Amino acid sequence: MSFGRPFRWISLISAFVLLTSLLFNGRLLAASQAMRKLAWQGGFSHDATHAQDAKPIGQIGGKIHALAVRGQNAYLVMGDWLLILDITDPTQPQVAGELRLPSHGVADIAVEGSHAYLADGEGLRIIDVSDPGHPYELGFYDTPGADAIAVAVAGDYAFLADVGSLRVIHIANPNEPTLAAVYPAPWFAVGLALDGPRAYVADLYQGVHILDISDPTTPTLLGTYDTPGASISLAAIGDYVYIADGERGLAILDVSNPASPTEVAIYDTPGDAVDIAVVSVFPWLIYAFVADREGGLHVFNVSDPERAELLITYPGLAQGVISAWPLVFIITEDALRIMDLTTLDLTPVGVLDHPDHATSIAVADRYIYAADFRQGLEVIDVSDPTDPVRIGSYDTPGEVGGIAVAGDHAYLADFDGLRIVNITDPAHPAETGFFDSPGDALGVAVRGSYAYLADGDKGLRVIDVSDPSDPSEVASLDTPDYAVSVAVDGTYAYVADGYGGLRIIDVSDPSEPTEMGSISTPGEALDVAVVGRHAYIADGLSGLRIIDVSDPAKPMEVGFLDTPGEAVAVAVVGHRAYVADGREGLRVIHVADPAHPREVEAYPSTGYASDVAVAGDHIYLADQEGGLVILRLTTFVLTFPELHYNAP
């Protein structure tokens with residue numbers, strides 16, 4: 001499978017990643033989900049008569065959506081897991097406990113005493129964390145018709161911000177939380193902070209709302225301030241509110257008169273300010289930490305709020321920040337980084353890596369070879385599928401879209417060309433050869449001594465890899481649109497050519513590839529799998545298309561199924577087609593009768609399902625920010641079992 005067309009799929013996915021990761025804690029993602037309710041609320045769908053169910057049993061990696069720190073523990077939501085880290089030694093954070101969460105939309109977390117409070121899209125979830133090794137759910141408050149995006153706790157009340165209101169939940173009995181008050185407002189809340197008798201709500205479009213919560217059962221509006229930027233996150237100390245205001249950077253409001261707040265300072269950061277933490281080290285020394293995405297982490301001295309002073313910048317991507325002085329926790333694209341700022345030295349003292357943005361996968365023996373769009377090749381040992389462990393990696397210079405494994409080598413379509421990596425020792429993969437292709441290398445298949453490269457607008461390239469250290473092109477064939485993916489079966493190469501549909505190419509003589517036939521598809525052909533006399537096309541917004549290729553000169557569509565998402569990858573085993581359907585997860589389709597395919601199962605992934613592989617009785621799903629998900633095929637009606645996450 002390939003990652004896709006760069007000027008469409010890569011740019012669209014990058015744009016979506018920008019939006020959904022604008023807040024590391026997933027608040028904008030939750031807000032986005034609030035605008036379009038997902039069809040997964042009933043959990044899994046299944047056909048009890050014919051179901052061969054996708055049953056999750058393991059997972060590794062994923063995007064961190066929420067983070068809180070209390071005492072010697074950090075509480076983070078990664079994918080659909082709550083992980084509790086022991087940070088007694090911040091140089092070596094360890095997973096102390098874990099809990100599989102029942103929903104996929106956790107946007108924020110707050111920890112007070114022995115409880116963690118999760119804003120999970122469906123409502124407020126209360127978790128007992130008194131024993132970090134064995135967290136469990138105590139209570140739940142459903143917010144029907146609303147999506148909880150931010151949460152803060154004070155005393156016996158939890159304050160829950162959603163798209164259109166502030167809900168106050170009485171939590172004196174955590175087993176039975178009850179609604180105490182609702183303050184309706186025309187806002188798009190993405191951030192929430194409490195300070196004394198006030199609540200401050202960050203509205204993505206309308207700035208900051210200030211509420212009096214001295215009586216939590218009757219919150220009242222005191223004042224508002226509409227910042228010119230996009231108020232995404234905020235913190236409050238005394239008479240000042242500190243705002244991560246998007247492209248405007250750090251904004252500081254004087255709220256001593258809450259009815260008429262005024263902006264007293266603005267510091268234009270180089271990136272997009274998406275999160276902020278403020279800590280009062282001493283009454284006369286206050287620091288603000290601004291996560292500025294590509295601009296890095298900025299540390300300001302805001303002791304005099306009207307004269308904020310930039311002290312130091314930690315370069316690299318910063319998507320979120322939490323301060324527990326003297327430690328600062330930074331969410332990056334691929335890790336949780338822990339800084340000790342006793343001396344304002346921004347050198348990480350501890351790192352918890354998490355494989356991120358798995359985009360393409362290949363299975364060989366007991367290993368998964370995962371292409372990470374940003375980090376190259378990841379090698380994961382799945383000998384125990386309930387406990388996958390990353391054992392090796394190779395960071396390629398380009399952006400890996402497609403991967404194939406043959407013998408002792410992994411072949412990576414690395415956008416700039418074909419990279420050949422020796423995997424004889426899976427723990428230490430090493431590049432042995434490279435072919436610089438003229439187009440955009442997106443997909444690859446290997447047969448015998450030849451690699452077939454889907455090279456974007458340069459069509460199909462045939463490369464002799466008999467000497468892996470010196471790959472050389474022996475032939476090429478231009479395709480009409482944009483070669484995204486390729487499969488080889490027998491003497492034919494099948495190219496998913498974007499808007500050019502399916503191209504069937506005779507490669508019986510690899511030095512003279514010849515197009516035998518083609519067929520247009522209604523969508524954008526992004527991936528292809530061939531089994532027997534049929535080719536199965538992942539056709540983007542047009543779902544799964546089934547093509548009879550028994551006569552390569554006259555391919556003919558015999559059936560189709562319009563999936564709910566964007567079909568970007570397909571694998572076929574037996575009478576099942578497994579479709580990676582973007583934000584709509586994994587779709588399992590019964591294709592015994594190719595003319596009448598029907599969905600028999602679905603798995604609602606937490607990220608963007610971009611590739612799928614099947615080996616034995618396991619399904620491996622590349623879920624981008626959801627990491628690598630492992631599911632078991634069974635013959636029973638689907639249940640939702642416990643997963644086990646193994647931190648690398």
# chains A, B, ... in the order shown; residues from 1 in each chain; ligands from 1
>>> residues_around(residues="Tyr367 (chain A)", least_positions_apart="4", cutoff="7 Å", atoms="only C-alpha atoms", output="list in words")
Val363, Val379, Ile380, Asp381 and Val382 of chain A
>>> write_last_selection(atoms="N, CA and C atoms", output="PDB file, in the first residue's frame")
ATOM      1  N   VAL A 363       4.101  -7.526   6.887  1.00  0.00           N
ATOM      2  CA  VAL A 363       4.268  -8.571   7.894  1.00  0.00           C
ATOM      3  C   VAL A 363       5.228  -9.619   7.357  1.00  0.00           C
ATOM      4  N   VAL A 379      10.483  -1.379  13.360  1.00  0.00           N
ATOM      5  CA  VAL A 379      10.394  -2.840  13.402  1.00  0.00           C
ATOM      6  C   VAL A 379       9.786  -3.238  14.742  1.00  0.00           C
ATOM      7  N   ILE A 380       8.677  -3.987  14.696  1.00  0.00           N
ATOM      8  CA  ILE A 380       7.924  -4.323  15.900  1.00  0.00           C
ATOM      9  C   ILE A 380       7.792  -5.835  16.011  1.00  0.00           C
ATOM     10  N   ASP A 381       8.195  -6.353  17.140  1.00  0.00           N
ATOM     11  CA  ASP A 381       8.096  -7.786  17.406  1.00  0.00           C
ATOM     12  C   ASP A 381       6.681  -8.090  17.897  1.00  0.00           C
ATOM     13  N   VAL A 382       5.960  -8.941  17.154  1.00  0.00           N
ATOM     14  CA  VAL A 382       4.585  -9.290  17.536  1.00  0.00           C
ATOM     15  C   VAL A 382       4.469 -10.786  17.810  1.00  0.00           C
TER      16      VAL A 382
END
>>> residues_around(residues="Ala68 (chain A)", least_positions_apart="5", cutoff="8 Å", atoms="only C-alpha atoms", output="MDAnalysis selection string")
chainID A and resid 74:76 109:111 322
>>> select_by_dssp(residues="region 200-246 of chain A", states="strand (DSSP E or B)", output="tab-separated table (two decimals) with N, CA and C atoms, in the first residue's frame")
chain	number	residue	atom	x	y	z
A	200	TYR	N	-12.53	30.54	33.59
A	200	TYR	CA	-12.15	31.21	32.35
A	200	TYR	C	-12.27	30.19	31.22
A	201	VAL	N	-13.05	30.53	30.22
A	201	VAL	CA	-13.29	29.61	29.11
A	201	VAL	C	-12.67	30.18	27.84
A	202	ALA	N	-11.81	29.39	27.19
A	202	ALA	CA	-11.22	29.79	25.91
A	202	ALA	C	-12.16	29.37	24.79
A	203	ASP	N	-12.60	30.35	24.03
A	203	ASP	CA	-13.49	30.11	22.90
A	203	ASP	C	-12.67	30.27	21.62
A	207	GLY	N	-12.78	34.40	21.81
A	207	GLY	CA	-11.87	34.83	22.85
A	207	GLY	C	-12.11	34.19	24.19
A	208	VAL	N	-12.16	35.00	25.25
A	208	VAL	CA	-12.23	34.50	26.63
A	208	VAL	C	-13.54	34.93	27.28
A	209	HIS	N	-14.19	33.98	27.95
A	209	HIS	CA	-15.39	34.26	28.73
A	209	HIS	C	-15.04	34.08	30.21
A	210	ILE	N	-15.47	35.03	31.02
A	210	ILE	CA	-15.17	35.00	32.46
A	210	ILE	C	-16.47	34.77	33.21
A	211	LEU	N	-16.51	33.71	34.03
A	211	LEU	CA	-17.72	33.34	34.76
A	211	LEU	C	-17.46	33.37	36.26
A	212	ASP	N	-18.47	33.82	37.00
A	212	ASP	CA	-18.44	33.76	38.45
A	212	ASP	C	-18.98	32.40	38.88
A	220	THR	N	-22.47	32.63	36.58
A	220	THR	CA	-22.95	33.83	35.89
A	220	THR	C	-21.81	34.48	35.12
A	221	LEU	N	-22.15	35.09	34.00
A	221	LEU	CA	-21.16	35.74	33.16
A	221	LEU	C	-20.74	37.07	33.76
A	222	LEU	N	-19.41	37.27	33.88
A	222	LEU	CA	-18.88	38.53	34.39
A	222	LEU	C	-18.39	39.43	33.26
A	223	GLY	N	-17.77	38.82	32.23
A	223	GLY	CA	-17.24	39.62	31.15
A	223	GLY	C	-16.63	38.74	30.07
A	224	THR	N	-16.31	39.37	28.93
A	224	THR	CA	-15.69	38.65	27.81
A	224	THR	C	-14.61	39.53	27.19
A	225	TYR	N	-13.68	38.88	26.50
A	225	TYR	CA	-12.69	39.60	25.71
A	225	TYR	C	-12.41	38.79	24.46
A	233	SER	N	-5.95	27.79	24.39
A	233	SER	CA	-5.67	27.32	25.74
A	233	SER	C	-5.37	28.53	26.61
A	234	LEU	N	-5.62	28.38	27.91
A	234	LEU	CA	-5.35	29.51	28.79
A	234	LEU	C	-5.01	29.03	30.20
A	235	ALA	N	-4.41	29.94	30.96
A	235	ALA	CA	-4.10	29.70	32.37
A	235	ALA	C	-4.33	31.00	33.10
A	236	ALA	N	-4.70	30.92	34.37
A	236	ALA	CA	-5.02	32.11	35.14
A	236	ALA	C	-4.30	32.09	36.48
A	237	ILE	N	-3.71	33.22	36.82
A	237	ILE	CA	-3.10	33.43	38.13
A	237	ILE	C	-3.40	34.86	38.57
A	240	TYR	N	-4.41	38.06	36.24
A	240	TYR	CA	-4.01	37.94	34.84
A	240	TYR	C	-4.39	36.57	34.26
A	241	VAL	N	-4.74	36.61	33.00
A	241	VAL	CA	-5.01	35.40	32.23
A	241	VAL	C	-4.01	35.34	31.08
A	242	TYR	N	-3.42	34.17	30.90
A	242	TYR	CA	-2.39	33.96	29.88
A	242	TYR	C	-2.98	33.04	28.81
A	243	ILE	N	-2.91	33.49	27.55
A	243	ILE	CA	-3.65	32.81	26.48
A	243	ILE	C	-2.70	32.36	25.38
A	244	ALA	N	-2.83	31.08	24.98
A	244	ALA	CA	-2.20	30.61	23.75
A	244	ALA	C	-3.17	30.97	22.63
A	246	GLY	N	-3.09	31.09	19.23
A	246	GLY	CA	-2.86	30.68	17.85
A	246	GLY	C	-1.69	31.42	17.22
>>> closest_residue(among="A:Tyr620, A:His65, A:Ile171, A:Pro305", to="Glu263 (chain A)", atoms="only C-alpha atoms")
A:Pro305
>>> closest_atom_pairs(of="region 373-451 of chain A", to="region 554-577 of chain A", cutoff="12 Å", atoms="only C-alpha atoms", output="JSON lines")
{"residue": "A:Gly401", "atom": "CA", "partner": "A:Ala569", "partner_atom": "CA", "distance": 11.9}
{"residue": "A:Gly402", "atom": "CA", "partner": "A:Ala569", "partner_atom": "CA", "distance": 10.9}
{"residue": "A:Gly443", "atom": "CA", "partner": "A:Ala569", "partner_atom": "CA", "distance": 11.4}
>>> write_last_selection(atoms="C-alpha atoms", output="compact mmCIF listing (two decimals), in the first residue's frame")
# COMPACT_ATOMS: atom_id res chain seq x y z
CA GLY A 401 4.63 5.97 2.08
CA GLY A 402 4.84 2.33 1.01
CA GLY A 443 4.16 2.41 -3.42
>>> residues_around(residues="region 292-302 of chain A", least_positions_apart="5", cutoff="10 Å", atoms="only C-alpha atoms", output="PyMOL selection string")
chain A and resi 18+21-24+242+244-247+249-250+252+267+269-280+284-287+307-321+330-333+341+344+346
>>> write_last_selection(atoms="C-alpha atoms", output="short mmCIF file (atom, residue, chain, number, x, y, z; two decimals), in the first residue's frame")
data_model
loop_
_atom_site.label_atom_id
_atom_site.label_comp_id
_atom_site.auth_asym_id
_atom_site.auth_seq_id
_atom_site.Cartn_x
_atom_site.Cartn_y
_atom_site.Cartn_z
CA LEU A 18 -2.53 20.13 11.83
CA SER A 21 -3.19 17.84 16.65
CA LEU A 22 -3.39 21.60 17.11
CA LEU A 23 -4.02 20.69 20.70
CA PHE A 24 -2.09 17.72 21.96
CA TYR A 242 -2.39 33.96 29.88
CA ALA A 244 -2.20 30.61 23.75
CA ASP A 245 -3.76 32.65 20.95
CA GLY A 246 -2.86 30.68 17.85
CA GLU A 247 -0.80 32.54 15.28
CA GLY A 249 1.32 33.83 20.11
CA LEU A 250 1.13 34.66 23.82
CA ILE A 252 -1.93 38.42 28.46
CA TYR A 267 4.24 38.30 22.24
CA THR A 269 5.72 33.65 18.62
CA PRO A 270 7.11 32.23 15.35
CA GLY A 271 4.71 29.28 15.22
CA ASP A 272 1.12 28.70 16.34
CA ALA A 273 0.65 28.91 20.10
CA VAL A 274 -1.58 25.93 20.95
CA ASP A 275 -1.06 25.31 24.64
CA ILE A 276 0.17 27.14 27.72
CA ALA A 277 1.17 26.39 31.31
CA VAL A 278 1.94 29.01 33.95
CA VAL A 279 3.70 28.38 37.23
CA SER A 280 4.41 30.70 40.14
CA TRP A 284 7.71 37.40 42.60
CA LEU A 285 8.75 34.85 39.93
CA ILE A 286 6.24 33.54 37.40
CA TYR A 287 7.03 31.53 34.28
CA ARG A 307 6.74 43.20 30.09
CA ALA A 308 6.93 39.51 29.28
CA GLU A 309 10.52 38.45 28.67
CA LEU A 310 11.47 35.47 26.50
CA LEU A 311 14.11 33.48 28.39
CA ILE A 312 14.77 30.41 26.30
CA THR A 313 13.35 28.32 23.45
CA TYR A 314 13.45 24.57 23.05
CA PRO A 315 13.44 23.89 19.29
CA GLY A 316 11.34 21.23 17.62
CA LEU A 317 7.65 20.50 17.47
CA ALA A 318 5.76 21.28 20.69
CA GLN A 319 2.08 20.32 20.68
CA GLY A 320 1.32 20.55 24.37
CA VAL A 321 2.85 21.44 27.71
CA ILE A 330 6.31 18.59 26.46
CA ILE A 331 4.22 16.66 23.97
CA THR A 332 6.04 16.34 20.66
CA GLU A 333 5.04 14.43 17.56
CA LEU A 341 14.07 23.64 34.50
CA LEU A 344 16.40 26.82 32.81
CA LEU A 346 16.02 22.84 28.21
#
>>> residues_around(residues="Ala430 (chain A)", least_positions_apart="6", cutoff="9 Å", atoms="only C-alpha atoms", output="PyMOL selection string")
chain A and resi 393-394+420-423
>>> residues_around(residues="Ala445 (chain A)", least_positions_apart="6", cutoff="10 Å", atoms="only C-alpha atoms", output="PyMOL selection string")
chain A and resi 1+402-406+411-413+451-454+462+485-489+493
>>> decode(residues="region 284-312 of chain A", atoms="N, CA and C atoms", output="PDB file, in the first residue's frame")
ATOM      1  N   TRP A 284       7.122  36.382  43.462  1.00  0.00           N
ATOM      2  CA  TRP A 284       7.715  37.402  42.595  1.00  0.00           C
ATOM      3  C   TRP A 284       8.315  36.807  41.311  1.00  0.00           C
ATOM      4  N   LEU A 285       8.162  35.484  41.114  1.00  0.00           N
ATOM      5  CA  LEU A 285       8.749  34.852  39.929  1.00  0.00           C
ATOM      6  C   LEU A 285       7.731  33.918  39.279  1.00  0.00           C
ATOM      7  N   ILE A 286       7.260  34.310  38.110  1.00  0.00           N
ATOM      8  CA  ILE A 286       6.236  33.538  37.400  1.00  0.00           C
ATOM      9  C   ILE A 286       6.739  33.232  35.991  1.00  0.00           C
ATOM     10  N   TYR A 287       6.641  31.957  35.619  1.00  0.00           N
ATOM     11  CA  TYR A 287       7.033  31.529  34.280  1.00  0.00           C
ATOM     12  C   TYR A 287       5.795  31.109  33.491  1.00  0.00           C
ATOM     13  N   ALA A 288       5.841  31.407  32.200  1.00  0.00           N
ATOM     14  CA  ALA A 288       4.824  30.904  31.268  1.00  0.00           C
ATOM     15  C   ALA A 288       5.522  30.042  30.231  1.00  0.00           C
ATOM     16  N   PHE A 289       4.954  28.857  29.979  1.00  0.00           N
ATOM     17  CA  PHE A 289       5.506  27.923  28.996  1.00  0.00           C
ATOM     18  C   PHE A 289       4.508  27.822  27.843  1.00  0.00           C
ATOM     19  N   VAL A 290       4.958  28.163  26.657  1.00  0.00           N
ATOM     20  CA  VAL A 290       4.067  28.208  25.495  1.00  0.00           C
ATOM     21  C   VAL A 290       4.492  27.145  24.491  1.00  0.00           C
ATOM     22  N   ALA A 291       3.576  26.206  24.215  1.00  0.00           N
ATOM     23  CA  ALA A 291       3.800  25.215  23.160  1.00  0.00           C
ATOM     24  C   ALA A 291       3.405  25.867  21.848  1.00  0.00           C
ATOM     25  N   ASP A 292       4.373  26.013  20.949  1.00  0.00           N
ATOM     26  CA  ASP A 292       4.212  26.838  19.750  1.00  0.00           C
ATOM     27  C   ASP A 292       4.298  26.019  18.467  1.00  0.00           C
ATOM     28  N   ARG A 293       3.900  24.736  18.578  1.00  0.00           N
ATOM     29  CA  ARG A 293       4.002  23.806  17.445  1.00  0.00           C
ATOM     30  C   ARG A 293       5.385  23.889  16.800  1.00  0.00           C
ATOM     31  N   GLU A 294       5.480  24.198  15.506  1.00  0.00           N
ATOM     32  CA  GLU A 294       6.776  24.213  14.828  1.00  0.00           C
ATOM     33  C   GLU A 294       7.734  25.240  15.434  1.00  0.00           C
ATOM     34  N   GLY A 295       7.191  26.203  16.162  1.00  0.00           N
ATOM     35  CA  GLY A 295       8.047  27.206  16.796  1.00  0.00           C
ATOM     36  C   GLY A 295       8.735  26.720  18.048  1.00  0.00           C
ATOM     37  N   GLY A 296       8.390  25.503  18.514  1.00  0.00           N
ATOM     38  CA  GLY A 296       9.034  24.935  19.687  1.00  0.00           C
ATOM     39  C   GLY A 296       8.355  25.332  20.993  1.00  0.00           C
ATOM     40  N   LEU A 297       9.065  25.143  22.089  1.00  0.00           N
ATOM     41  CA  LEU A 297       8.583  25.538  23.416  1.00  0.00           C
ATOM     42  C   LEU A 297       9.301  26.817  23.837  1.00  0.00           C
ATOM     43  N   HIS A 298       8.507  27.824  24.215  1.00  0.00           N
ATOM     44  CA  HIS A 298       9.073  29.098  24.663  1.00  0.00           C
ATOM     45  C   HIS A 298       8.835  29.265  26.165  1.00  0.00           C
ATOM     46  N   VAL A 299       9.855  29.697  26.864  1.00  0.00           N
ATOM     47  CA  VAL A 299       9.751  29.962  28.295  1.00  0.00           C
ATOM     48  C   VAL A 299       9.851  31.469  28.500  1.00  0.00           C
ATOM     49  N   PHE A 300       8.805  32.046  29.104  1.00  0.00           N
ATOM     50  CA  PHE A 300       8.752  33.483  29.356  1.00  0.00           C
ATOM     51  C   PHE A 300       8.787  33.755  30.853  1.00  0.00           C
ATOM     52  N   ASN A 301       9.452  34.830  31.212  1.00  0.00           N
ATOM     53  CA  ASN A 301       9.312  35.387  32.547  1.00  0.00           C
ATOM     54  C   ASN A 301       8.168  36.392  32.480  1.00  0.00           C
ATOM     55  N   VAL A 302       7.064  36.069  33.166  1.00  0.00           N
ATOM     56  CA  VAL A 302       5.898  36.955  33.140  1.00  0.00           C
ATOM     57  C   VAL A 302       5.632  37.522  34.531  1.00  0.00           C
ATOM     58  N   SER A 303       6.685  37.651  35.333  1.00  0.00           N
ATOM     59  CA  SER A 303       6.535  38.218  36.669  1.00  0.00           C
ATOM     60  C   SER A 303       5.935  39.617  36.581  1.00  0.00           C
ATOM     61  N   ASP A 304       6.353  40.361  35.559  1.00  0.00           N
ATOM     62  CA  ASP A 304       5.707  41.619  35.213  1.00  0.00           C
ATOM     63  C   ASP A 304       4.921  41.348  33.935  1.00  0.00           C
ATOM     64  N   PRO A 305       3.630  41.072  34.039  1.00  0.00           N
ATOM     65  CA  PRO A 305       2.864  40.629  32.871  1.00  0.00           C
ATOM     66  C   PRO A 305       2.891  41.610  31.701  1.00  0.00           C
ATOM     67  N   GLU A 306       3.084  42.903  31.980  1.00  0.00           N
ATOM     68  CA  GLU A 306       3.089  43.873  30.899  1.00  0.00           C
ATOM     69  C   GLU A 306       4.432  43.936  30.192  1.00  0.00           C
ATOM     70  N   ARG A 307       5.415  43.211  30.707  1.00  0.00           N
ATOM     71  CA  ARG A 307       6.744  43.200  30.094  1.00  0.00           C
ATOM     72  C   ARG A 307       7.271  41.763  30.065  1.00  0.00           C
ATOM     73  N   ALA A 308       6.529  40.917  29.387  1.00  0.00           N
ATOM     74  CA  ALA A 308       6.932  39.510  29.280  1.00  0.00           C
ATOM     75  C   ALA A 308       8.294  39.411  28.609  1.00  0.00           C
ATOM     76  N   GLU A 309       9.156  38.584  29.185  1.00  0.00           N
ATOM     77  CA  GLU A 309      10.521  38.447  28.668  1.00  0.00           C
ATOM     78  C   GLU A 309      10.766  36.998  28.249  1.00  0.00           C
ATOM     79  N   LEU A 310      11.128  36.805  26.994  1.00  0.00           N
ATOM     80  CA  LEU A 310      11.475  35.470  26.505  1.00  0.00           C
ATOM     81  C   LEU A 310      12.833  35.069  27.067  1.00  0.00           C
ATOM     82  N   LEU A 311      12.870  33.930  27.766  1.00  0.00           N
ATOM     83  CA  LEU A 311      14.112  33.481  28.392  1.00  0.00           C
ATOM     84  C   LEU A 311      14.860  32.464  27.555  1.00  0.00           C
ATOM     85  N   ILE A 312      14.111  31.494  27.018  1.00  0.00           N
ATOM     86  CA  ILE A 312      14.768  30.407  26.303  1.00  0.00           C
ATOM     87  C   ILE A 312      13.743  29.689  25.432  1.00  0.00           C
TER      88      ILE A 312
END
